[in-house]
file coords.cif (mmCIF, C-alpha atoms)
data_query
#
loop_
_atom_site.label_atom_id
_atom_site.label_comp_id
_atom_site.auth_asym_id
_atom_site.auth_seq_id
_atom_site.Cartn_x
_atom_site.Cartn_y
_atom_site.Cartn_z
CA MET A 30 -24.53 -4.72 -15.76
CA ARG A 31 -21.14 -5.54 -14.35
CA GLN A 32 -19.85 -6.43 -17.77
CA LEU A 33 -21.38 -3.31 -19.25
CA LEU A 34 -19.57 -1.10 -16.73
CA ALA A 35 -16.33 -2.98 -17.31
CA ARG A 36 -16.72 -2.46 -21.05
CA GLN A 37 -17.39 1.23 -20.60
CA ARG A 38 -14.34 1.54 -18.39
CA GLY A 39 -12.36 -0.33 -21.01
CA LYS A 40 -13.45 2.06 -23.70
CA LYS A 41 -12.44 5.14 -21.79
CA HIS A 42 -8.86 3.84 -21.44
CA ASN A 43 -7.22 2.62 -24.55
CA ILE A 44 -3.61 3.17 -23.67
CA PRO A 45 -0.89 2.20 -26.15
CA ILE A 46 1.61 -0.28 -24.73
CA ALA A 47 4.58 -2.31 -25.96
CA VAL A 48 5.30 -5.92 -25.08
CA LEU A 49 8.89 -7.19 -25.12
CA ILE A 50 9.47 -10.90 -25.64
CA SER A 51 12.22 -13.43 -26.34
CA GLY A 52 10.37 -16.73 -26.48
CA THR A 53 7.02 -18.46 -26.67
CA GLY A 54 5.15 -15.36 -25.53
CA SER A 55 2.40 -17.05 -23.53
CA ASN A 56 2.07 -13.97 -21.34
CA LEU A 57 1.88 -11.90 -24.54
CA GLN A 58 -0.99 -14.17 -25.57
CA ALA A 59 -2.73 -13.55 -22.24
CA LEU A 60 -2.44 -9.79 -22.87
CA ILE A 61 -3.68 -10.17 -26.46
CA ASP A 62 -6.64 -12.23 -25.24
CA ALA A 63 -7.50 -9.70 -22.51
CA GLU A 64 -7.36 -6.86 -25.05
CA ALA A 65 -9.65 -8.81 -27.38
CA VAL A 66 -12.39 -9.00 -24.74
CA ASN A 67 -11.84 -5.38 -23.72
CA ARG A 68 -10.38 -6.25 -20.32
CA LEU A 69 -6.93 -4.71 -20.72
CA SER A 70 -7.75 -1.00 -21.12
CA ALA A 71 -4.78 -0.99 -23.47
CA THR A 72 -3.87 -1.46 -27.10
CA ILE A 73 -0.73 -3.47 -27.77
CA ARG A 74 0.83 -1.18 -30.35
CA VAL A 75 4.07 -3.05 -30.88
CA VAL A 76 5.70 -6.34 -29.90
CA VAL A 77 9.49 -6.22 -29.76
CA SER A 78 11.37 -9.50 -29.81
CA SER A 79 15.04 -10.04 -29.06
CA LYS A 80 14.92 -13.14 -31.28
CA ASP A 81 13.39 -13.35 -34.75
CA THR A 82 12.58 -17.03 -34.19
CA ALA A 83 10.43 -16.41 -31.10
CA LEU A 84 7.01 -18.07 -31.25
CA GLY A 85 5.65 -14.90 -29.70
CA VAL A 86 6.38 -13.04 -32.95
CA LYS A 87 3.96 -15.40 -34.69
CA ARG A 88 1.34 -14.79 -32.00
CA ALA A 89 1.67 -11.03 -32.52
CA GLN A 90 1.40 -11.41 -36.30
CA ASN A 91 -1.69 -13.59 -35.91
CA ALA A 92 -3.24 -10.82 -33.84
CA LYS A 93 -2.23 -8.22 -36.48
CA ILE A 94 0.10 -6.46 -34.09
CA LYS A 95 3.17 -4.70 -35.46
CA THR A 96 6.39 -6.57 -34.64
CA GLU A 97 9.99 -5.41 -34.42
CA ILE A 98 13.10 -7.51 -33.96
CA VAL A 99 15.88 -5.94 -31.91
CA ARG A 100 18.69 -8.47 -31.50
CA PRO A 101 21.33 -7.58 -28.88
CA SER A 102 23.95 -9.35 -31.00
CA ASP A 103 23.39 -6.78 -33.77
CA TYR A 104 24.88 -4.06 -31.56
CA SER A 105 28.50 -3.68 -30.57
CA THR A 106 27.68 -2.32 -27.09
CA ARG A 107 24.89 -2.67 -24.55
CA GLU A 108 24.49 1.11 -24.65
CA GLU A 109 23.82 1.10 -28.39
CA HIS A 110 21.22 -1.65 -28.00
CA ASP A 111 19.58 0.21 -25.10
CA GLU A 112 19.53 3.45 -27.10
CA THR A 113 17.96 1.80 -30.14
CA LEU A 114 15.28 0.15 -28.04
CA ALA A 115 14.49 3.39 -26.18
CA LYS A 116 14.13 5.30 -29.50
CA LEU A 117 11.90 2.59 -30.97
CA LEU A 118 9.62 2.61 -27.93
CA LEU A 119 9.43 6.42 -27.82
CA ARG A 120 8.70 6.53 -31.57
CA SER A 121 5.85 4.08 -31.01
CA SER A 122 4.33 6.51 -28.48
CA VAL A 123 3.60 3.74 -26.00
CA GLU A 124 2.90 4.61 -22.39
CA PHE A 125 3.91 1.33 -20.79
CA VAL A 126 6.46 -1.34 -21.62
CA CYS A 127 5.56 -4.86 -20.51
CA LEU A 128 8.29 -7.48 -20.38
CA ALA A 129 6.92 -10.95 -21.04
CA GLY A 130 9.66 -13.54 -20.95
CA TYR A 131 12.13 -10.94 -22.22
CA THR A 132 15.60 -12.28 -21.45
CA CYS A 133 17.71 -9.12 -21.94
CA ILE A 134 18.53 -6.66 -19.18
CA VAL A 135 16.62 -3.41 -19.75
CA GLY A 136 19.15 -0.56 -19.81
CA PRO A 137 19.09 2.93 -18.30
CA ARG A 138 17.92 4.74 -21.47
CA VAL A 139 14.72 2.71 -21.61
CA LEU A 140 14.18 3.04 -17.84
CA GLU A 141 14.72 6.83 -17.97
CA ALA A 142 12.34 7.16 -20.92
CA PHE A 143 9.63 5.17 -19.07
CA PRO A 144 9.98 5.95 -15.36
CA ASN A 145 7.90 3.51 -13.27
CA ARG A 146 6.38 2.39 -16.58
CA VAL A 147 8.35 -0.74 -17.38
CA LEU A 148 6.70 -3.84 -15.90
CA ASN A 149 7.89 -7.39 -15.57
CA ILE A 150 6.44 -10.67 -14.38
CA HIS A 151 8.70 -13.10 -12.53
CA PRO A 152 7.87 -16.75 -11.71
CA SER A 153 8.42 -16.61 -7.93
CA LEU A 154 7.18 -14.76 -4.89
CA LEU A 155 9.95 -12.18 -4.83
CA PRO A 156 12.23 -11.54 -2.95
CA ALA A 157 12.50 -15.36 -2.94
CA PHE A 158 14.21 -16.90 -5.97
CA PRO A 159 15.23 -13.98 -8.17
CA GLY A 160 17.15 -14.68 -11.36
CA LEU A 161 16.93 -17.56 -13.78
CA ASN A 162 15.04 -20.86 -13.36
CA ALA A 163 12.94 -19.65 -10.43
CA PRO A 164 10.57 -22.67 -10.41
CA GLN A 165 13.57 -25.00 -10.29
CA GLN A 166 15.12 -22.97 -7.48
CA ALA A 167 11.83 -23.22 -5.55
CA MET A 168 11.64 -26.99 -6.08
CA GLN A 169 15.21 -27.49 -4.93
CA PHE A 170 14.72 -25.36 -1.84
CA GLY A 171 11.67 -27.44 -0.98
CA VAL A 172 9.17 -24.62 -0.48
CA LYS A 173 5.48 -25.52 -0.22
CA ILE A 174 4.20 -22.25 -1.65
CA THR A 175 5.66 -20.24 -4.49
CA GLY A 176 4.03 -18.09 -7.16
CA CYS A 177 4.61 -15.09 -9.38
CA THR A 178 5.26 -11.40 -8.99
CA VAL A 179 4.49 -8.40 -11.20
CA HIS A 180 6.94 -5.63 -10.40
CA ILE A 181 8.14 -2.33 -11.75
CA VAL A 182 11.51 -2.73 -13.44
CA THR A 183 14.42 -0.81 -11.92
CA ASP A 184 18.18 -1.14 -12.29
CA VAL A 185 18.13 -3.88 -9.64
CA VAL A 186 17.25 -7.10 -11.49
CA ASP A 187 14.00 -8.56 -10.05
CA GLY A 188 14.25 -5.98 -7.27
CA GLY A 189 11.76 -3.23 -8.16
CA PRO A 190 8.53 -2.30 -6.33
CA ILE A 191 5.96 -5.10 -6.26
CA VAL A 192 2.53 -4.45 -7.78
CA ALA A 193 0.85 -7.85 -7.43
CA GLN A 194 1.66 -11.43 -6.48
CA GLY A 195 -0.11 -14.72 -6.95
CA ALA A 196 0.51 -17.77 -4.73
CA VAL A 197 0.74 -21.30 -6.10
CA PRO A 198 1.13 -24.52 -4.09
CA VAL A 199 3.99 -26.95 -4.61
CA LEU A 200 2.49 -30.45 -4.51
CA ASP A 201 4.13 -33.67 -3.34
CA GLY A 202 5.58 -35.41 -6.36
CA ASP A 203 5.65 -32.25 -8.47
CA THR A 204 8.10 -32.02 -11.31
CA THR A 205 9.71 -28.67 -12.10
CA GLU A 206 7.72 -28.67 -15.34
CA ALA A 207 4.38 -29.22 -13.59
CA LEU A 208 5.18 -26.49 -11.07
CA ALA A 209 6.33 -24.06 -13.78
CA ALA A 210 3.09 -24.66 -15.71
CA ARG A 211 1.00 -24.00 -12.58
CA ILE A 212 2.88 -20.75 -11.96
CA LEU A 213 2.48 -19.73 -15.60
CA ALA A 214 -1.29 -20.16 -15.38
CA GLU A 215 -1.30 -17.76 -12.42
CA GLU A 216 0.90 -15.32 -14.38
CA HIS A 217 -1.68 -15.31 -17.17
CA ARG A 218 -4.31 -14.36 -14.59
CA ILE A 219 -2.53 -11.52 -12.83
CA TYR A 220 -0.46 -9.85 -15.57
CA PRO A 221 -3.39 -8.58 -17.68
CA GLN A 222 -5.06 -7.41 -14.46
CA VAL A 223 -2.02 -5.34 -13.48
CA VAL A 224 -1.61 -3.85 -16.96
CA ARG A 225 -5.24 -2.81 -16.77
CA TRP A 226 -4.72 -1.19 -13.37
CA PHE A 227 -1.82 0.85 -14.79
CA CYS A 228 -3.74 1.88 -17.91
CA GLU A 229 -6.70 2.96 -15.79
CA ARG A 230 -4.36 5.14 -13.64
CA ARG A 231 -5.19 3.16 -10.53
CA VAL A 232 -1.63 2.37 -9.45
CA HIS A 233 0.16 4.59 -6.94
CA VAL A 234 3.87 4.11 -6.31
CA ASN A 235 5.53 5.56 -3.22
CA GLY A 236 9.05 4.23 -2.83
CA ARG A 237 8.65 0.47 -2.55
CA MET A 238 4.97 0.79 -1.58
CA VAL A 239 2.50 0.23 -4.39
CA THR A 240 -1.23 0.67 -3.79
CA ILE A 241 -4.17 0.15 -6.13
CA ASP A 242 -7.43 2.07 -6.29
CA ARG A 243 -10.03 -0.68 -6.02
CA HIS A 244 -13.29 -0.23 -7.83
CA PRO A 245 -16.43 -1.30 -6.00
CA LEU A 246 -17.53 -3.30 -9.04
CA ASP A 247 -14.16 -4.94 -9.62
CA ASP A 248 -14.64 -8.34 -11.11
CA GLU A 249 -10.98 -9.18 -11.29
CA GLY A 250 -10.28 -10.69 -7.88
CA ASP A 251 -7.80 -8.98 -5.58
CA GLY A 252 -4.56 -9.89 -7.32
CA MET B 1 -17.80 -40.60 10.82
CA ARG B 2 -14.99 -38.32 9.84
CA GLN B 3 -14.62 -37.09 13.37
CA LEU B 4 -14.82 -40.63 14.72
CA LEU B 5 -11.96 -41.74 12.50
CA ALA B 6 -9.96 -38.67 13.45
CA ARG B 7 -10.50 -39.46 17.12
CA GLN B 8 -9.46 -43.06 16.66
CA ARG B 9 -6.35 -41.95 14.81
CA GLY B 10 -5.68 -39.48 17.59
CA LYS B 11 -5.95 -42.20 20.21
CA LYS B 12 -3.49 -44.48 18.52
CA HIS B 13 -0.81 -41.78 18.56
CA ASN B 14 -0.22 -40.05 21.82
CA ILE B 15 3.34 -38.93 21.38
CA PRO B 16 5.06 -36.95 24.13
CA ILE B 17 6.37 -33.59 22.96
CA ALA B 18 8.01 -30.52 24.48
CA VAL B 19 7.18 -26.92 23.59
CA LEU B 20 9.84 -24.23 24.03
CA ILE B 21 8.69 -20.65 24.52
CA SER B 22 9.98 -17.21 25.46
CA GLY B 23 6.88 -15.04 25.33
CA THR B 24 3.12 -14.93 25.10
CA GLY B 25 2.89 -18.49 23.81
CA SER B 26 -0.06 -18.10 21.47
CA ASN B 27 1.24 -20.95 19.31
CA LEU B 28 1.60 -23.00 22.52
CA GLN B 29 -2.07 -22.24 23.17
CA ALA B 30 -2.98 -23.44 19.67
CA LEU B 31 -1.17 -26.71 20.40
CA ILE B 32 -2.84 -27.04 23.83
CA ASP B 33 -6.26 -26.42 22.22
CA ALA B 34 -5.62 -29.00 19.49
CA GLU B 35 -4.54 -31.56 22.08
CA ALA B 36 -7.69 -30.86 24.10
CA VAL B 37 -9.92 -31.81 21.16
CA ASN B 38 -7.76 -34.80 20.27
CA ARG B 39 -6.43 -33.30 17.05
CA LEU B 40 -2.72 -33.18 17.89
CA SER B 41 -1.89 -36.91 18.27
CA ALA B 42 0.51 -35.67 20.95
CA THR B 43 0.70 -34.97 24.65
CA ILE B 44 2.54 -31.83 25.63
CA ARG B 45 4.65 -33.28 28.41
CA VAL B 46 6.67 -30.21 29.28
CA VAL B 47 6.81 -26.52 28.43
CA VAL B 48 10.27 -24.99 28.74
CA SER B 49 10.51 -21.22 28.91
CA SER B 50 13.64 -19.11 28.58
CA LYS B 51 11.94 -16.43 30.70
CA ASP B 52 10.09 -17.00 33.97
CA THR B 53 7.83 -14.03 33.22
CA ALA B 54 6.53 -15.42 29.92
CA LEU B 55 2.75 -15.42 29.64
CA GLY B 56 3.08 -18.83 28.00
CA VAL B 57 4.16 -20.27 31.38
CA LYS B 58 0.79 -19.23 32.77
CA ARG B 59 -0.98 -20.86 29.81
CA ALA B 60 0.87 -24.12 30.47
CA GLN B 61 0.04 -24.01 34.16
CA ASN B 62 -3.62 -23.35 33.37
CA ALA B 63 -3.59 -26.47 31.21
CA LYS B 64 -1.85 -28.45 34.02
CA ILE B 65 1.28 -28.96 31.93
CA LYS B 66 4.62 -29.24 33.70
CA THR B 67 6.79 -26.14 33.20
CA GLU B 68 10.53 -25.64 33.42
CA ILE B 69 12.47 -22.39 33.29
CA VAL B 70 15.87 -22.53 31.59
CA ARG B 71 17.32 -19.03 31.45
CA PRO B 72 20.37 -18.62 29.17
CA SER B 73 21.71 -15.95 31.53
CA ASP B 74 22.03 -18.58 34.30
CA TYR B 75 24.79 -20.33 32.32
CA SER B 76 28.29 -19.08 31.75
CA THR B 77 28.55 -20.55 28.25
CA ARG B 78 26.20 -21.37 25.39
CA GLU B 79 27.45 -24.95 25.55
CA GLU B 80 26.42 -25.33 29.17
CA HIS B 81 22.96 -23.97 28.42
CA ASP B 82 22.61 -26.26 25.40
CA GLU B 83 23.75 -29.28 27.45
CA THR B 84 21.28 -28.55 30.25
CA LEU B 85 18.41 -28.18 27.81
CA ALA B 86 19.31 -31.38 25.96
CA LYS B 87 19.43 -33.34 29.26
CA LEU B 88 16.12 -31.93 30.41
CA LEU B 89 14.43 -32.83 27.12
CA LEU B 90 15.92 -36.35 27.07
CA ARG B 91 14.91 -36.87 30.71
CA SER B 92 11.35 -35.88 29.77
CA SER B 93 11.33 -38.64 27.13
CA VAL B 94 9.76 -36.39 24.52
CA GLU B 95 9.92 -37.36 20.87
CA PHE B 96 9.58 -33.92 19.34
CA VAL B 97 10.61 -30.45 20.39
CA CYS B 98 8.40 -27.62 19.12
CA LEU B 99 9.72 -24.09 19.23
CA ALA B 100 6.91 -21.59 19.67
CA GLY B 101 8.25 -18.07 19.84
CA TYR B 102 11.45 -19.36 21.45
CA THR B 103 14.05 -16.63 21.06
CA CYS B 104 17.26 -18.58 21.85
CA ILE B 105 19.37 -20.36 19.25
CA VAL B 106 19.01 -24.14 19.67
CA GLY B 107 22.50 -25.61 20.10
CA PRO B 108 24.12 -28.74 18.66
CA ARG B 109 23.50 -30.97 21.71
CA VAL B 110 19.75 -30.53 21.44
CA LEU B 111 19.84 -30.94 17.64
CA GLU B 112 21.94 -34.13 17.91
CA ALA B 113 19.62 -35.54 20.56
CA PHE B 114 16.55 -34.87 18.36
CA PRO B 115 17.62 -35.30 14.75
CA ASN B 116 14.94 -33.96 12.37
CA ARG B 117 12.73 -33.69 15.46
CA VAL B 118 13.04 -30.04 16.42
CA LEU B 119 10.39 -27.92 14.70
CA ASN B 120 9.95 -24.19 14.42
CA ILE B 121 7.37 -21.83 12.99
CA HIS B 122 8.54 -18.61 11.36
CA PRO B 123 6.32 -15.67 10.34
CA SER B 124 7.29 -15.45 6.66
CA LEU B 125 7.33 -17.57 3.54
CA LEU B 126 10.94 -18.70 3.87
CA PRO B 127 13.45 -18.23 2.27
CA ALA B 128 12.04 -14.67 2.20
CA PHE B 129 12.56 -12.63 5.36
CA PRO B 130 14.48 -14.89 7.74
CA GLY B 131 15.54 -13.50 11.12
CA LEU B 132 13.81 -11.06 13.42
CA ASN B 133 10.75 -8.90 12.69
CA ALA B 134 9.74 -10.81 9.57
CA PRO B 135 6.30 -9.13 9.21
CA GLN B 136 7.98 -5.72 9.38
CA GLN B 137 10.58 -6.82 6.81
CA ALA B 138 7.74 -7.95 4.52
CA MET B 139 5.88 -4.65 4.93
CA GLN B 140 8.98 -2.63 4.17
CA PHE B 141 9.82 -4.69 1.09
CA GLY B 142 6.28 -4.10 -0.15
CA VAL B 143 5.31 -7.71 -0.85
CA LYS B 144 1.66 -8.48 -1.55
CA ILE B 145 1.77 -12.03 -0.19
CA THR B 146 3.62 -13.28 2.85
CA GLY B 147 2.81 -16.00 5.36
CA CYS B 148 4.37 -18.50 7.70
CA THR B 149 6.61 -21.54 7.49
CA VAL B 150 6.95 -24.64 9.67
CA HIS B 151 10.45 -26.04 9.22
CA ILE B 152 12.79 -28.53 10.77
CA VAL B 153 15.44 -26.77 12.83
CA THR B 154 19.04 -27.19 11.69
CA ASP B 155 22.21 -25.28 12.50
CA VAL B 156 21.29 -22.75 9.79
CA VAL B 157 18.90 -20.29 11.44
CA ASP B 158 15.52 -20.34 9.60
CA GLY B 159 17.18 -22.49 6.93
CA GLY B 160 16.03 -26.07 7.61
CA PRO B 161 13.77 -28.25 5.45
CA ILE B 162 10.26 -26.82 5.02
CA VAL B 163 7.30 -28.95 6.14
CA ALA B 164 4.38 -26.60 5.53
CA GLN B 165 3.65 -23.02 4.60
CA GLY B 166 0.59 -20.81 4.77
CA ALA B 167 0.07 -17.75 2.57
CA VAL B 168 -1.39 -14.50 3.86
CA PRO B 169 -2.22 -11.37 1.82
CA VAL B 170 -0.78 -7.96 2.61
CA LEU B 171 -3.62 -5.45 2.24
CA ASP B 172 -3.43 -1.81 1.17
CA GLY B 173 -3.23 0.31 4.30
CA ASP B 174 -2.03 -2.56 6.48
CA THR B 175 -0.05 -1.78 9.60
CA THR B 176 2.74 -4.13 10.62
CA GLU B 177 0.60 -5.07 13.64
CA ALA B 178 -2.43 -5.98 11.51
CA LEU B 179 -0.25 -8.03 9.17
CA ALA B 180 1.53 -9.78 12.05
CA ALA B 181 -1.84 -10.71 13.58
CA ARG B 182 -3.07 -12.12 10.25
CA ILE B 183 0.09 -14.22 9.92
CA LEU B 184 -0.23 -15.42 13.52
CA ALA B 185 -3.78 -16.66 12.87
CA GLU B 186 -2.41 -18.74 9.99
CA GLU B 187 0.39 -20.05 12.25
CA HIS B 188 -2.24 -21.25 14.72
CA ARG B 189 -3.88 -23.18 11.89
CA ILE B 190 -0.85 -24.91 10.41
CA TYR B 191 1.41 -25.59 13.40
CA PRO B 192 -0.89 -28.08 15.19
CA GLN B 193 -1.51 -29.76 11.83
CA VAL B 194 2.21 -30.29 11.24
CA VAL B 195 2.82 -31.55 14.78
CA ARG B 196 0.05 -34.06 14.21
CA TRP B 197 1.62 -35.20 10.93
CA PHE B 198 4.93 -35.80 12.70
CA CYS B 199 3.31 -37.66 15.60
CA GLU B 200 1.37 -39.85 13.19
CA ARG B 201 4.64 -40.73 11.37
CA ARG B 202 3.39 -39.24 8.16
CA VAL B 203 6.36 -36.95 7.48
CA HIS B 204 9.23 -38.10 5.25
CA VAL B 205 12.39 -36.05 5.04
CA ASN B 206 14.85 -36.55 2.20
CA GLY B 207 17.46 -33.82 2.20
CA ARG B 208 15.51 -30.59 1.77
CA MET B 209 12.48 -32.45 0.39
CA VAL B 210 9.69 -33.09 2.88
CA THR B 211 6.62 -35.08 1.87
CA ILE B 212 3.50 -35.96 3.83
CA ASP B 213 1.39 -39.09 3.67
CA ARG B 214 -2.08 -37.73 3.02
CA HIS B 215 -5.04 -39.58 4.44
CA PRO B 216 -8.08 -39.93 2.20
CA LEU B 217 -10.29 -38.65 5.02
CA ASP B 218 -8.03 -35.75 5.95
CA ASP B 219 -10.09 -32.91 7.31
CA GLU B 220 -7.18 -30.58 7.89
CA GLY B 221 -6.83 -28.80 4.54
CA ASP B 222 -3.64 -29.19 2.56
CA GLY B 223 -1.29 -27.08 4.69
#
call {"tool": "encode", "arguments": {"input": "coords.cif", "output": "structure tokens"}}
result
Amino acid sequence: MRQLLARQRGKKHNIPIAVLISGTGSNLQALIDAEAVNRLSATIRVVVSSKDTALGVKRAQNAKIKTEIVRPSDYSTREEHDETLAKLLLRSSVEFVCLAGYTCIVGPRVLEAFPNRVLNIHPSLLPAFPGLNAPQQAMQFGVKITGCTVHIVTDVVDGGPIVAQGAVPVLDGDTTEALAARILAEEHRIYPQVVRWFCERRVHVNGRMVTIDRHPLDDEGDG
Amino acid sequence: MRQLLARQRGKKHNIPIAVLISGTGSNLQALIDAEAVNRLSATIRVVVSSKDTALGVKRAQNAKIKTEIVRPSDYSTREEHDETLAKLLLRSSVEFVCLAGYTCIVGPRVLEAFPNRVLNIHPSLLPAFPGLNAPQQAMQFGVKITGCTVHIVTDVVDGGPIVAQGAVPVLDGDTTEALAARILAEEHRIYPQVVRWFCERRVHVNGRMVTIDRHPLDDEGDG
């Protein structure tokens, strides 16, 4: 019964989204997998990679998703790159843009074209450890709990409104690699959930405050 | 059997500690309660309050613990206050100094007298939200997970090595008061646990890295 209702909900919302990647695309895979079992309420219409060698491109091709390569180095200015990306995303008629290990800064043209509709997942409990190598930063600081954060992308890098967070313990004797893998597993859990919330119009943003309409039959955990 | 072993362990370690307070002393109460059931491996030898009106003083008196009032305003310099406090703590022959809602900065004389032996609990997942009103800071930032941190006190306020953290969810519709109360409940769980670890010589500090010897029969959770 639960599953039936979830399926029905999934069918009502089949929102086109784009996923932007630069690397292995394991979060892309989590989104592909959630779509496949009708738990994303979205259709990944296009995967845009900043690198043609990204493993994520292969994952998209395997799932028969259209891929586009938009290399920053092919453009003489950031503005030109931003403009090209914005046009591509608008042409694809996607409603949401999900960054998944995308290593370029998203420029103002994309952000203006998709207000409060560009999402990112970051491997720390923001505002702790913004920027690169967050799991390593957490290890070096010696925290005992870290995690991941899904946030709306704004012009402040890793600074936009927070939609969901997942906590992950740091264990005695952890390596950075072991910790990063544990965080990544939590990312794969919460990112599809958040994309689904957005596609089902259940996310309300008021300044920095983000609230979610919870369904009584939610089988997703509380994110 | 478990409890028996815990009791025996408790009996072997009966380390004298001081607790420093400025207010209601609910974390002091958590320590008093843990000592009463032989789960602290410590004896609270003295409670020092920076205010004679603190409710925590009453709690200490109710538990027949010696109290001392050391008001910063009674000293003409910070150094004099620091010196007095250091002498008092040394005279009491305590091994550890536990800050519990203590609102004064601990000076260098106390820190030198108790190297890596002054502990504090802070109501956020440090390094996020150091300083005053941490639950309010967390609410205003819009995080979905916050918590509390037990750390070793150094000359960097809220910046010392982290011993344990507890995560707490921020719920839709939370008030700062509701969130602060939820964090405080977690503080009451982890602070006595950490004091016990220190008193049982199970804490190893290496720079910012703090590790704990875990006992196979630990019944305290993983902090």
call {"tool": "resolve_selection", "arguments": {"input": "coords.cif", "expression": "the PyMOL selection byres ((chain B and resi 17) around 8)", "output": "compact mmCIF listing (two decimals) with C-alpha atoms, keeping the file's coordinate frame"}}
result
# COMPACT_ATOMS: atom_id res chain seq x y z
CA ILE B 15 3.34 -38.93 21.38
CA PRO B 16 5.06 -36.95 24.13
CA ALA B 18 8.01 -30.52 24.48
CA VAL B 19 7.18 -26.92 23.59
CA ALA B 42 0.51 -35.67 20.95
CA THR B 43 0.70 -34.97 24.65
CA ILE B 44 2.54 -31.83 25.63
CA ARG B 45 4.65 -33.28 28.41
CA VAL B 46 6.67 -30.21 29.28
CA VAL B 94 9.76 -36.39 24.52
CA GLU B 95 9.92 -37.36 20.87
CA PHE B 96 9.58 -33.92 19.34
CA VAL B 97 10.61 -30.45 20.39
CA CYS B 98 8.40 -27.62 19.12
call {"tool": "closest_atom_pairs", "arguments": {"input": "coords.cif", "of": "segment 29-90 of chain B", "to": "segment 113-128 of chain B", "cutoff": "9 Å", "atoms": "all atoms listed in the file", "output": "CSV"}}
result
residue,atom,partner,partner_atom,distance
B:Ala86,CA,B:Ala113,CA,6.8
B:Lys87,CA,B:Ala113,CA,9.0
B:Leu89,CA,B:Ala113,CA,8.8
B:Leu90,CA,B:Ala113,CA,7.5
call {"tool": "axis_aligned_box", "arguments": {"input": "coords.cif", "around": "segment 74-87 of chain A", "padding_each_side": "6 Å", "output": "lines of an AutoDock Vina configuration file"}}
result
center_x = 7.9
center_y = -9.6
center_z = -31.9
size_x = 26.2
size_y = 28.9
size_z = 17.7
call {"tool": "residues_around", "arguments": {"input": "coords.cif", "residues": "Ala54 of chain B", "least_positions_apart": "6", "cutoff": "7 Å", "atoms": "all atoms listed in the file", "output": "PDB file with C-alpha atoms, in the coordinates of the input"}}
result
ATOM      1  CA  SER B  22       9.980 -17.210  25.460  1.00  0.00           C
ATOM      2  CA  GLY B  23       6.880 -15.040  25.330  1.00  0.00           C
ATOM      3  CA  THR B  24       3.120 -14.930  25.100  1.00  0.00           C
TER       4      THR B  24
END
call {"tool": "closest_atom_pairs", "arguments": {"input": "coords.cif", "of": "segment 132-172 of chain A", "to": "segment 202-213 of chain B", "cutoff": "8 Å", "atoms": "all atoms listed in the file", "output": "JSON lines"}}
result
{"residue": "A:Gln169", "atom": "CA", "partner": "B:Arg208", "partner_atom": "CA", "distance": 7.4}
{"residue": "A:Phe170", "atom": "CA", "partner": "B:Arg208", "partner_atom": "CA", "distance": 6.4}
{"residue": "A:Gly171", "atom": "CA", "partner": "B:Met209", "partner_atom": "CA", "distance": 5.3}
call {"tool": "write_last_selection", "arguments": {"input": "coords.cif", "atoms": "C-alpha atoms", "output": "PDB file, in the coordinates of the input"}}
result
ATOM      1  CA  GLN A 169      15.210 -27.490  -4.930  1.00  0.00           C
ATOM      2  CA  PHE A 170      14.720 -25.360  -1.840  1.00  0.00           C
ATOM      3  CA  GLY A 171      11.670 -27.440  -0.980  1.00  0.00           C
TER       4      GLY A 171
END
call {"tool": "decode", "arguments": {"input": "coords.cif", "residues": "segment 22-28 of chain B", "atoms": "N, CA, C and O atoms", "output": "short mmCIF file (atom, residue, chain, number, x, y, z; two decimals), in the first residue's frame"}}
result
data_model
loop_
_atom_site.label_atom_id
_atom_site.label_comp_id
_atom_site.auth_asym_id
_atom_site.auth_seq_id
_atom_site.Cartn_x
_atom_site.Cartn_y
_atom_site.Cartn_z
N SER B 22 28.32 29.29 36.29
CA SER B 22 27.89 30.68 36.42
C SER B 22 26.38 30.80 36.51
O SER B 22 25.86 31.89 36.76
N GLY B 23 25.68 29.68 36.27
CA GLY B 23 24.22 29.82 36.14
C GLY B 23 23.46 28.67 36.75
O GLY B 23 23.74 28.24 37.87
N THR B 24 22.51 28.15 35.99
CA THR B 24 21.58 27.17 36.54
C THR B 24 22.25 25.84 36.86
O THR B 24 21.76 25.08 37.68
N GLY B 25 23.34 25.54 36.17
CA GLY B 25 24.10 24.35 36.53
C GLY B 25 23.41 23.04 36.19
O GLY B 25 23.56 22.06 36.92
N SER B 26 22.72 22.98 35.07
CA SER B 26 22.06 21.71 34.74
C SER B 26 23.09 20.65 34.33
O SER B 26 22.90 19.46 34.60
N ASN B 27 24.19 21.07 33.71
CA ASN B 27 25.25 20.09 33.42
C ASN B 27 25.94 19.65 34.71
O ASN B 27 26.34 18.49 34.83
N LEU B 28 26.08 20.57 35.68
CA LEU B 28 26.58 20.18 37.00
C LEU B 28 25.68 19.09 37.59
O LEU B 28 26.15 18.08 38.11
#
